[in-house]
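What follows is the content of final-v4.csv, which has CSV, C-alpha atoms and all ligand atoms:
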```csv
chain,number,residue,atom,x,y,z
A,1,MET,CA,0.0,0.0,0.0
A,2,THR,CA,1.3,3.5,-0.8
A,3,PRO,CA,2.2,5.2,2.5
A,4,PHE,CA,0.7,8.6,3.4
A,5,HIS,CA,3.6,10.9,3.9
A,6,ARG,CA,1.7,14.1,4.9
A,7,ILE,CA,-1.6,13.9,6.7
A,8,LEU,CA,-3.9,16.9,7.2
A,9,VAL,CA,-6.4,16.6,10.0
A,10,ALA,CA,-9.2,19.2,10.0
A,11,VAL,CA,-10.5,19.8,13.5
A,12,ASP,CA,-13.5,21.9,14.8
A,13,PHE,CA,-12.9,20.6,18.4
A,14,SER,CA,-16.0,18.4,18.3
A,15,SER,CA,-16.0,14.8,19.5
A,16,HIS,CA,-16.2,13.8,15.8
A,17,SER,CA,-13.0,15.6,15.0
A,18,ALA,CA,-11.4,14.2,18.1
A,19,ARG,CA,-12.1,10.8,16.6
A,20,ALA,CA,-10.5,12.0,13.4
A,21,LEU,CA,-7.4,12.9,15.3
A,22,GLU,CA,-7.2,9.4,16.9
A,23,ILE,CA,-7.4,7.8,13.5
A,24,ALA,CA,-4.8,10.1,12.0
A,25,THR,CA,-2.5,9.3,15.0
A,26,ASP,CA,-2.9,5.6,14.2
A,27,LEU,CA,-2.2,6.1,10.5
A,28,ALA,CA,0.8,8.3,11.3
A,29,HIS,CA,2.3,5.5,13.3
A,30,ARG,CA,1.8,3.0,10.6
A,31,PHE,CA,3.2,5.1,7.8
A,32,ASP,CA,5.6,7.3,9.8
A,33,SER,CA,3.7,10.3,8.4
A,34,ALA,CA,4.0,14.0,9.3
A,35,VAL,CA,0.7,15.4,10.6
A,36,THR,CA,-0.7,18.9,10.4
A,37,ILE,CA,-3.7,19.8,12.6
A,38,LEU,CA,-5.7,22.5,10.9
A,39,HIS,CA,-8.6,24.7,12.3
A,40,VAL,CA,-10.4,27.3,10.2
A,41,TYR,CA,-11.6,30.3,12.2
A,42,GLU,CA,-15.0,31.7,11.1
A,43,PRO,CA,-15.8,34.8,13.1
A,44,ASN,CA,-19.6,34.7,12.7
A,45,ILE,CA,-19.7,31.1,14.1
A,46,TYR,CA,-18.0,32.0,17.4
A,47,ALA,CA,-20.4,34.9,18.0
A,48,GLY,CA,-23.2,32.5,18.3
A,49,PRO,CA,-27.0,32.9,17.5
A,50,GLY,CA,-28.2,36.4,16.7
A,51,SER,CA,-24.7,37.3,15.7
A,52,TYR,CA,-26.1,39.8,13.1
A,53,MET,CA,-26.9,42.0,16.0
A,54,VAL,CA,-23.4,42.2,17.3
A,55,PRO,CA,-21.5,45.3,16.0
A,56,THR,CA,-18.3,44.7,14.1
A,57,SER,CA,-16.3,46.5,16.7
A,58,THR,CA,-17.3,43.8,19.2
A,59,TYR,CA,-16.0,41.0,16.9
A,60,ASP,CA,-12.8,43.0,16.5
A,61,ARG,CA,-12.3,43.3,20.3
A,62,ALA,CA,-13.0,39.6,21.0
A,63,ARG,CA,-10.9,38.4,18.1
A,64,PRO,CA,-7.4,38.2,19.8
A,65,ALA,CA,-8.8,36.3,22.8
A,66,VAL,CA,-10.7,33.9,20.5
A,67,LEU,CA,-7.6,33.3,18.4
A,68,ALA,CA,-5.4,32.8,21.5
A,69,THR,CA,-7.9,30.1,22.8
A,70,LEU,CA,-8.0,28.3,19.4
A,71,GLU,CA,-4.1,28.3,19.3
A,72,GLN,CA,-4.1,26.8,22.8
A,73,GLN,CA,-6.5,24.1,21.8
A,74,LEU,CA,-4.5,23.3,18.7
A,75,GLU,CA,-1.3,23.2,20.9
A,76,ARG,CA,-3.0,20.7,23.3
A,77,ASN,CA,-4.0,18.5,20.3
A,78,SER,CA,-0.4,18.7,19.0
A,79,GLU,CA,1.0,17.7,22.4
A,80,ASP,CA,-1.4,14.7,22.6
A,81,LEU,CA,0.0,13.5,19.2
A,82,HIS,CA,3.6,14.0,20.3
A,83,THR,CA,2.8,12.1,23.5
A,84,ALA,CA,1.3,9.3,21.4
A,85,GLY,CA,4.6,9.1,19.6
A,86,VAL,CA,4.0,11.0,16.4
A,87,ARG,CA,7.3,12.5,15.4
A,88,ASP,CA,6.4,15.4,13.1
A,89,VAL,CA,3.4,17.5,14.2
A,90,GLU,CA,2.4,21.0,13.1
A,91,THR,CA,-0.6,23.1,13.7
A,92,ALA,CA,-2.3,25.7,11.4
A,93,LEU,CA,-4.9,28.3,12.2
A,94,LEU,CA,-6.5,29.9,9.2
A,95,GLN,CA,-9.4,32.3,8.6
A,96,GLY,CA,-12.1,31.8,6.0
A,97,THR,CA,-14.6,29.3,4.8
A,98,PRO,CA,-13.6,25.9,6.2
A,99,TYR,CA,-13.9,23.6,3.2
A,100,ASP,CA,-12.2,26.1,0.9
A,101,GLN,CA,-9.3,26.6,3.3
A,102,ILE,CA,-8.9,22.9,4.0
A,103,VAL,CA,-8.7,22.0,0.3
A,104,GLU,CA,-6.4,24.9,-0.6
A,105,TYR,CA,-4.1,24.1,2.4
A,106,ALA,CA,-3.8,20.5,1.4
A,107,ARG,CA,-3.0,21.5,-2.2
A,108,ASP,CA,-0.5,24.1,-1.3
A,109,ASN,CA,1.3,21.9,1.3
A,110,ASP,CA,1.4,18.6,-0.6
A,111,HIS,CA,-0.7,16.6,1.7
A,112,ASP,CA,-1.6,13.2,0.4
A,113,LEU,CA,-4.4,12.5,2.9
A,114,ILE,CA,-7.1,14.6,4.6
A,115,VAL,CA,-8.8,13.2,7.7
A,116,LEU,CA,-12.0,14.8,9.1
A,117,GLY,CA,-15.2,13.9,10.9
A,118,THR,CA,-18.5,13.0,9.1
A,119,HIS,CA,-20.2,15.5,11.4
A,120,GLY,CA,-19.1,18.6,13.3
A,121,ARG,CA,-19.8,21.0,16.0
A,122,THR,CA,-22.4,23.2,14.3
A,123,GLY,CA,-25.6,21.3,13.6
A,124,ILE,CA,-27.7,24.2,12.6
A,125,ARG,CA,-25.1,25.7,10.4
A,126,ARG,CA,-24.6,22.4,8.7
A,127,ALA,CA,-28.3,22.3,7.9
A,128,LEU,CA,-28.2,25.8,6.5
A,129,LEU,CA,-24.9,25.8,4.7
A,130,GLY,CA,-24.2,22.1,4.0
A,131,SER,CA,-21.4,19.8,5.2
A,132,VAL,CA,-17.7,20.7,5.3
A,133,ALA,CA,-17.0,17.0,4.9
A,134,GLU,CA,-19.0,16.6,1.7
A,135,ARG,CA,-17.4,19.6,0.1
A,136,VAL,CA,-13.9,18.5,1.0
A,137,VAL,CA,-14.6,15.1,-0.4
A,138,ARG,CA,-15.8,16.7,-3.7
A,139,LYS,CA,-13.0,19.2,-4.1
A,140,ALA,CA,-9.9,17.7,-2.4
A,141,PRO,CA,-6.7,17.2,-4.5
A,142,CYS,CA,-5.8,14.0,-2.5
A,143,ALA,CA,-7.4,11.1,-0.7
A,144,VAL,CA,-10.0,11.9,2.0
A,145,LEU,CA,-10.9,9.8,5.0
A,146,THR,CA,-14.1,10.7,6.7
A,147,VAL,CA,-14.4,9.3,10.2
A,148,ARG,CA,-17.6,8.4,12.0
A,149,LEU,CA,-18.0,8.2,15.8
A,150,PRO,CA,-18.7,4.6,17.0
A,151,GLU,CA,-22.5,4.1,17.5
A,152,ALA,CA,-22.5,4.1,21.3
A,153,ALA,CA,-20.7,7.5,21.3
A,154,ARG,CA,-23.1,8.9,18.7
A,155,GLU,CA,-26.1,7.9,20.8
A,156,GLU,CA,-24.5,9.4,24.0
A,157,LEU,CA,-23.9,12.6,22.1
A,158,ALA,CA,-27.4,12.7,20.7
A,159,SER,CA,-29.0,12.3,24.1
A,160,ALA,CA,-26.7,15.0,25.7
A,161,GLU,CA,-27.6,17.4,22.8
A,162,SER,CA,-31.3,16.8,23.3
A,163,MET,CA,-31.2,17.8,27.0
A,164,PRO,CA,-32.7,21.1,27.9
A,201,LIG,P1,-19.4,19.4,9.3
A,201,LIG,O1,-19.4,19.0,7.9
A,201,LIG,O2,-19.5,20.9,9.6
A,201,LIG,O3,-20.5,18.6,10.1
A,201,LIG,O4,-18.0,19.0,9.9
A,201,LIG,C1,-17.4,17.8,9.5
A,201,LIG,C2,-15.9,17.8,9.9
A,201,LIG,O5,-15.2,18.8,9.2
A,201,LIG,C3,-15.6,18.0,11.4
A,201,LIG,O6,-15.7,16.8,12.2
A,201,LIG,C4,-14.2,18.5,11.3
A,201,LIG,O7,-13.3,17.4,11.2
A,201,LIG,C5,-14.2,19.3,10.0
A,201,LIG,N1,-14.5,20.7,10.2
A,201,LIG,C6,-15.7,21.4,10.4
A,201,LIG,N2,-15.5,22.7,10.6
A,201,LIG,C7,-14.2,22.9,10.6
A,201,LIG,C8,-13.4,24.1,10.8
A,201,LIG,N3,-13.9,25.3,11.0
A,201,LIG,N4,-12.0,23.9,10.7
A,201,LIG,C9,-11.5,22.7,10.5
A,201,LIG,N5,-12.2,21.6,10.3
A,201,LIG,C10,-13.5,21.7,10.3
```

As structure tokens, what does this structure read like?
Ligand code: AMP
Amino acid sequence: MTPFHRILVAVDFSSHSARALEIATDLAHRFDSAVTILHVYEPNIYAGPGSYMVPTSTYDRARPAVLATLEQQLERNSEDLHTAGVRDVETALLQGTPYDQIVEYARDNDHDLIVLGTHGRTGIRRALLGSVAERVVRKAPCAVLTVRLPEAAREELASAESMP
């Protein structure tokens, strides 16, 4: 089997993308691959529901703190991969439309595999705007592995999400 030299894992910090990180870690061991963990920052998503009522200046003030938190989360993910024995781990934080940035980053940086979850953090947005995973599969310049949570974890998540 052709080894994957450079793996790109797209994370939105959901349990789905946590599973994608686990699978990428496993593959990186098998193929001795380099791994990049990528998050794409979308300002309007972090502002939450009703964001159209928040003035631009509020976004601008919050932005450095949000970016710092995201950097920290990526760093934690990176440390986990190092601890698990993956040799070559990088992180990337970009701004824009997630599927676009993921595809472009993979192309520009010669990744030969993208790993991401089948579902993400933002259920409502997914219903309105469509799936990041589907679009990445359609447009990617390389192989794509979409990762599903095991059934028990999916059920647990669904019941937690339906709680008031
Ligand atoms: P979705 O299609 O939004 O349900 O998300 C599917 C998967 O795409 C997630 O599990 C992540 O692996 C990835 N993903 C979604 N949003 C982002 C984002 N903003 N940055 C990086 N990866 C993302």

Go through A:Arg6, A:Lys139, A:His119, A:Arg30 one by one, measure the shortest atom-to-atom distance of each to ligand LIG 201 (chain A) using all atoms listed in the file, and give the residue with the smallest value. A:His119

How would you write as a PyMOL selection string the residues that get within 12 Å of (-6.6, 8.3, 22.5) in the file's frame, counting all atoms listed in the file? chain A and resi 15+18-26+77+80-85

For CA of Val115 in chain A and atom C7 of ligand LIG 201 (chain A), the interatomic separation in Å (one decimal):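 Atom C7 of ligand LIG 201 (chain A) lies at a distance of 11.5 Å from CA of Val115 in chain A.
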
Check which residues fall inside 9 Å of ligand LIG 201 (chain A) when counting only C-alpha atoms and all ligand atoms, and print them as a ChimeraX atom specification. /A:9-21,37-42,45,93-99,101-102,115-123,125-127,129-136,146-148

One decimal, Å: what's the distance from CA of Cys142 in chain A over to CA of Glu104 in chain A, could you say?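 If I compute the distance from CA of Cys142 in chain A to CA of Glu104 in chain A, I get 11.1 Å.
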
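With only C-alpha atoms taken into account, the protein and nucleic acid residues at most 8 Å from Ala28 in chain A (excluding it and anything under 4 positions from it in its own chain) are Phe4, Ile7, Ala24, Asp32, Ser33, Ala34, Val35 and Val86 of chain A.
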
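Around the point (-6.3, 18.8, -3.3), within 12 Å and counting only C-alpha atoms, we find these residues: Leu8, Tyr99, Asp100, Gln101, Ile102, Val103, Glu104, Tyr105, Ala106, Arg107, Asp108, Asn109, Asp110, His111, Asp112, Leu113, Ile114, Arg135, Val136, Val137, Arg138, Lys139, Ala140, Pro141, Cys142, Ala143 and Val144 of chain A.
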
To one decimal in Å, tell me the separation between CA of Gln72 in chain A and CA of Tyr59 in chain A. 19.4 Å
